[in-house]
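Structure file upload-v1.txt; described as compact mmCIF, C-alpha atoms and all ligand atoms.
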# COMPACT_ATOMS: atom_id res chain seq x y z
CA MET B 1 -11.21 -116.58 27.56
CA LYS B 2 -7.53 -115.84 27.06
CA CYS B 3 -5.37 -114.15 29.65
CA HIS B 4 -4.89 -110.50 28.72
CA GLU B 5 -1.44 -110.56 30.28
CA CYS B 6 0.12 -113.46 28.48
CA GLY B 7 -2.51 -115.07 26.26
CA GLY B 8 -2.56 -118.22 28.38
CA ASN B 9 -5.66 -120.17 29.30
CA TYR B 10 -7.62 -119.70 32.47
CA LYS B 11 -8.65 -122.50 34.72
CA THR B 12 -11.38 -122.28 37.32
CA THR B 13 -9.94 -122.95 40.70
CA GLN B 14 -10.94 -122.75 44.33
CA THR B 15 -8.16 -121.27 46.36
CA ASN B 16 -7.11 -119.02 49.19
CA PHE B 17 -7.06 -115.45 47.98
CA ARG B 18 -4.48 -113.12 49.43
CA ILE B 19 -5.09 -109.45 49.85
CA LYS B 20 -3.54 -106.62 51.79
CA SER B 21 -5.62 -104.24 53.79
CA LYS B 22 -4.20 -100.88 54.75
CA THR B 23 -5.79 -101.38 58.14
CA VAL B 24 -5.03 -104.96 59.06
CA GLY B 25 -2.28 -105.99 56.70
CA ASN B 26 -2.23 -109.28 54.87
CA ILE B 27 -5.38 -111.27 54.87
CA THR B 28 -6.07 -114.71 53.50
CA VAL B 29 -9.60 -115.22 52.31
CA PRO B 30 -10.27 -118.94 52.15
CA ASN B 31 -12.03 -120.81 49.36
CA ILE B 32 -12.42 -118.18 46.71
CA LYS B 33 -13.52 -119.49 43.35
CA LEU B 34 -11.61 -117.68 40.67
CA GLU B 35 -10.13 -117.99 37.24
CA GLU B 36 -6.40 -118.39 37.25
CA CYS B 37 -4.11 -118.25 34.25
CA LYS B 38 -2.22 -121.50 34.03
CA LYS B 39 0.75 -119.75 32.51
CA CYS B 40 1.31 -116.55 34.47
CA GLY B 41 -0.99 -116.90 37.47
CA ASN B 42 -3.14 -113.90 36.55
CA GLN B 43 -6.35 -114.10 38.55
CA LEU B 44 -9.86 -112.99 37.71
CA LEU B 45 -12.60 -112.63 40.26
CA ASP B 46 -16.24 -112.33 39.37
CA ASP B 47 -18.85 -110.34 41.30
CA VAL B 48 -19.59 -113.10 43.74
CA ALA B 49 -15.95 -113.71 44.56
CA SER B 50 -15.22 -109.98 44.81
CA LEU B 51 -18.09 -109.51 47.18
CA LYS B 52 -16.92 -112.40 49.31
CA VAL B 53 -13.40 -110.96 49.48
CA SER B 54 -14.71 -107.49 50.21
CA GLU B 55 -16.95 -108.70 53.02
CA HIS B 56 -14.21 -110.80 54.53
CA VAL B 57 -11.78 -107.89 54.56
CA ARG B 58 -14.39 -105.59 55.97
CA SER B 59 -15.19 -107.94 58.83
CA LYS B 60 -11.49 -108.33 59.65
CA GLU B 61 -11.11 -104.55 59.72
CA THR B 62 -14.16 -104.14 61.90
CA GLU B 63 -12.87 -106.76 64.32
CA ALA B 64 -9.47 -105.06 64.49
CA LEU B 65 -11.08 -101.70 65.19
CA GLY B 66 -13.08 -103.35 67.95
CA ARG B 67 -9.83 -104.40 69.58
CA GLN B 68 -8.49 -100.85 69.79
CA PRO B 69 -8.84 -99.21 73.19
CA ILE B 70 -11.91 -97.05 73.33
CA SER B 71 -9.80 -94.22 74.75
CA ASP B 72 -8.13 -93.95 71.32
CA PHE B 73 -11.42 -92.88 69.77
CA ILE B 74 -13.04 -89.47 69.72
CA ASP B 75 -16.64 -88.53 69.09
CA ALA B 76 -18.04 -86.73 66.07
CA GLN B 77 -17.93 -83.38 67.80
CA GLU B 78 -14.23 -83.56 68.45
CA THR B 79 -13.61 -84.99 65.00
CA VAL B 80 -15.30 -82.10 63.21
CA LYS B 81 -13.36 -79.67 65.35
CA ILE B 82 -10.07 -81.23 64.30
CA LEU B 83 -11.07 -81.43 60.65
CA GLU B 84 -12.65 -77.98 60.68
CA ILE B 85 -15.72 -79.23 58.88
CA THR B 86 -19.39 -79.43 59.76
CA LYS B 87 -21.05 -82.50 61.19
CA GLN B 88 -23.00 -82.81 57.99
CA ALA B 89 -19.82 -82.78 55.96
CA LEU B 90 -18.46 -85.48 58.21
CA SER B 91 -21.40 -87.77 57.68
CA LYS B 92 -21.81 -87.01 53.98
CA ASN B 93 -18.22 -86.97 52.84
CA PRO B 94 -17.82 -89.84 50.36
CA ARG B 95 -14.23 -90.54 51.32
CA ILE B 96 -15.11 -90.70 54.97
CA GLN B 97 -18.09 -92.89 54.13
CA ARG B 98 -15.70 -95.11 52.30
CA ARG B 99 -13.79 -95.50 55.52
CA PHE B 100 -10.79 -93.35 54.86
CA ILE B 101 -11.20 -92.47 58.51
CA LEU B 102 -11.27 -95.50 60.77
CA ALA B 103 -14.36 -95.47 62.90
CA ARG B 104 -16.50 -97.75 64.96
CA LYS B 105 -20.06 -97.63 66.09
CA LEU B 106 -21.02 -97.73 69.71
CA GLY B 107 -24.73 -97.77 70.16
CA LYS B 108 -25.95 -95.47 67.45
CA TYR B 109 -22.96 -93.17 67.46
CA ASN B 110 -19.80 -93.24 65.43
CA PHE B 111 -16.49 -92.87 67.15
CA TYR B 112 -13.40 -92.03 65.18
CA LEU B 113 -9.91 -93.25 65.79
CA LYS B 114 -8.03 -90.11 66.70
CA ASP B 115 -4.77 -91.03 64.95
CA SER B 116 -6.76 -91.79 61.84
CA VAL B 117 -8.54 -88.43 61.99
CA LEU B 118 -5.21 -86.65 62.29
CA LYS B 119 -3.71 -88.59 59.42
CA TYR B 120 -6.79 -87.90 57.31
CA LYS B 121 -6.46 -84.20 57.99
CA GLU B 122 -2.87 -84.28 56.89
CA SER B 123 -3.12 -86.46 53.82
CA GLY B 124 -6.75 -87.13 52.96
CA ASP B 125 -6.27 -90.78 53.81
CA GLY B 126 -6.67 -91.73 57.44
CA ARG B 127 -6.17 -95.43 57.04
CA ILE B 128 -3.47 -96.70 59.32
CA LEU B 129 -2.17 -100.15 60.00
CA LEU B 130 -3.71 -101.48 63.20
CA GLU B 131 -2.48 -105.02 62.99
CA SER B 132 -0.06 -106.80 60.78
CA GLY B 133 -2.41 -109.49 59.53
CA ASP B 134 -1.18 -112.97 58.90
CA GLY B 135 2.10 -111.68 57.54
CA LYS B 136 3.22 -114.79 55.79
CA TYR B 137 1.68 -113.72 52.53
CA ALA B 138 3.49 -110.46 52.19
CA ILE B 139 4.25 -110.10 48.51
CA LYS B 140 6.08 -107.19 47.06
CA GLY B 141 4.94 -105.37 43.98
CA GLU B 142 1.29 -106.05 44.31
CA THR B 143 -1.40 -103.74 43.15
CA PHE B 144 -4.94 -104.67 43.67
CA LYS B 145 -8.06 -102.67 43.47
CA LEU B 146 -11.31 -103.84 44.77
CA LEU B 147 -14.50 -101.96 45.17
CA GLN B 148 -14.56 -100.37 48.52
CA SER B 149 -18.12 -100.84 49.34
CA CYS B 150 -19.86 -104.09 48.67
CA GLY B 151 -22.92 -102.18 47.58
CA ASN B 152 -21.02 -100.57 44.76
CA LEU B 153 -20.16 -103.72 42.94
CA GLN B 154 -21.04 -103.37 39.33
CA LYS B 155 -22.64 -106.19 37.48
CA ASN B 156 -20.41 -108.15 35.19
CA LYS B 157 -17.42 -106.15 36.27
CA ILE B 158 -14.51 -108.45 36.51
CA LEU B 159 -11.58 -107.60 38.67
CA SER B 160 -8.34 -108.69 37.30
CA PHE B 161 -5.12 -109.50 38.97
CA ALA B 162 -1.81 -110.36 37.56
CA ARG B 163 0.68 -112.49 39.33
CA LYS B 164 3.83 -112.74 37.34
CA SER B 165 5.87 -115.14 39.38
CA LYS B 166 6.62 -116.09 42.92
CA THR B 167 9.68 -113.87 42.95
CA SER B 168 8.26 -110.76 41.41
CA GLY B 169 4.93 -111.09 43.14
CA ILE B 170 1.68 -109.75 41.89
CA THR B 171 1.78 -106.91 39.44
CA ALA B 172 -0.89 -104.48 38.50
CA GLY B 173 -4.12 -105.98 37.35
CA SER B 174 -6.49 -104.30 35.00
CA GLY B 175 -8.94 -103.35 37.72
CA SER B 176 -9.85 -99.76 37.14
CA LEU B 177 -12.24 -99.58 40.02
CA GLU B 178 -12.25 -97.01 42.74
CA THR B 179 -9.64 -97.24 45.40
CA PRO B 180 -11.04 -99.14 48.28
CA SER B 181 -10.17 -99.78 51.83
CA GLU B 182 -8.43 -102.80 50.50
CA GLU B 183 -5.38 -102.37 48.45
CA LEU B 184 -2.46 -104.62 47.95
CA LEU B 185 1.06 -103.43 48.56
CA GLU B 186 2.18 -100.87 46.10
CA ASN B 187 5.86 -101.49 46.29
ZN ZN B 201 -1.51 -115.21 31.85
Could you render the structure as structure tokens?
Ligand SMILES: [Zn+2]
Amino acid sequence: MKCHECGGNYKTTQTNFRIKSKTVGNITVPNIKLEECKKCGNQLLDDVASLKVSEHVRSKETEALGRQPISDFIDAQETVKILEITKQALSKNPRIQRRFILARKLGKYNFYLKDSVLKYKESGDGRILLESGDGKYAIKGETFKLLQSCGNLQKNKILSFARKSKTSGITAGSGSLETPSEELLEN
């Protein structure tokens, strides 16, 4: 398979994969097997690798949410009041299900991060940065799209990433998948 960015050859490699989460910043996912273009650094992840990345990011986000003071969270009742929607709409809304509002479960109930609810109301995207991640991998100009929910991974769908050079960072890949909770820096 030739690289669609530059026509170079891919090489299978096992490496740390870097990704930016809107919630916890830069994350390094260790030991991801991927195809990397020897010429331009474009990276391809298969289903297995994508799932591994997605699960890793998700667990980091869940851990970070668990470290937020419980007093920063509100219950569903207060959340629907702020959003002016019904409880059913809250639980069925696909964007909310896809974690555009940061929430955590306590017992069998969901609690929503109040700042996230307010931001969601304002912009439709309640994801806020809770922690800055491991920082050292901040790369400008990255765009990365990964399926938000592990369950939505489509068979044989390959996510593609382009990394032009160390100075220009990662540029847009060909991933045309739905915007996830994970997204690399856009500028
Ligand atoms: Zn290439």
What is the atom CA of Ile32 of chain B to atom CA of Ser59 of chain B distance in Å? 16.1 Å
Just want the residues within 10 Å of ligand ZN 201 (chain B), written as a VMD selection string, counting only C-alpha atoms and all ligand atoms. chain B and resid 2 to 10 36 to 43 161 to 164
Interatomic distance between atom CA of Thr15 of chain B and atom CA of Leu130 of chain B? 26.4 Å
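Among the candidates B:Ile27, B:Ala103, B:Ile82, B:Ile96, the residue lying nearest to Asp125 of chain B is B:Ile96 (atoms considered: only C-alpha atoms).
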Can you work out the spacing between atom CA of Met1 of chain B and atom CA of Thr13 of chain B in Å, to one decimal?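 Separation of atom CA of Met1 of chain B and atom CA of Thr13 of chain B: 14.7 Å.
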Neighbourhood query: residues within 10 Å of (-9.6, -93.4, 57.2), file coordinates, counting all atoms listed in the file; return as a list in words.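 Residues found, by chain and rising number: Lys22, Thr23, Arg95, Ile96, Gln97, Arg98, Arg99, Phe100, Ile101, Leu102, Ala103, Tyr112, Leu113, Asp115, Ser116, Val117, Leu118, Lys119, Tyr120, Lys121, Gly124, Asp125, Gly126, Arg127, Ile128 and Ser181 of chain B.
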Work out where the centre of an axis-aligned box around every listed atom of segment 77-90 of chain B lies and how long its edges are once 5 Å is added on each side; give both in Å to one decimal as AutoDock Vina command-line options.
--center_x -16.5 --center_y -81.7 --center_z 62.2 --size_x 22.9 --size_y 17.5 --size_z 22.5
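For the choices B:Ala49, B:Thr12, B:Ser71, B:Lys60, the atom-to-atom distance to Asn26 of chain B is smallest for B:Lys60 when using only C-alpha atoms.
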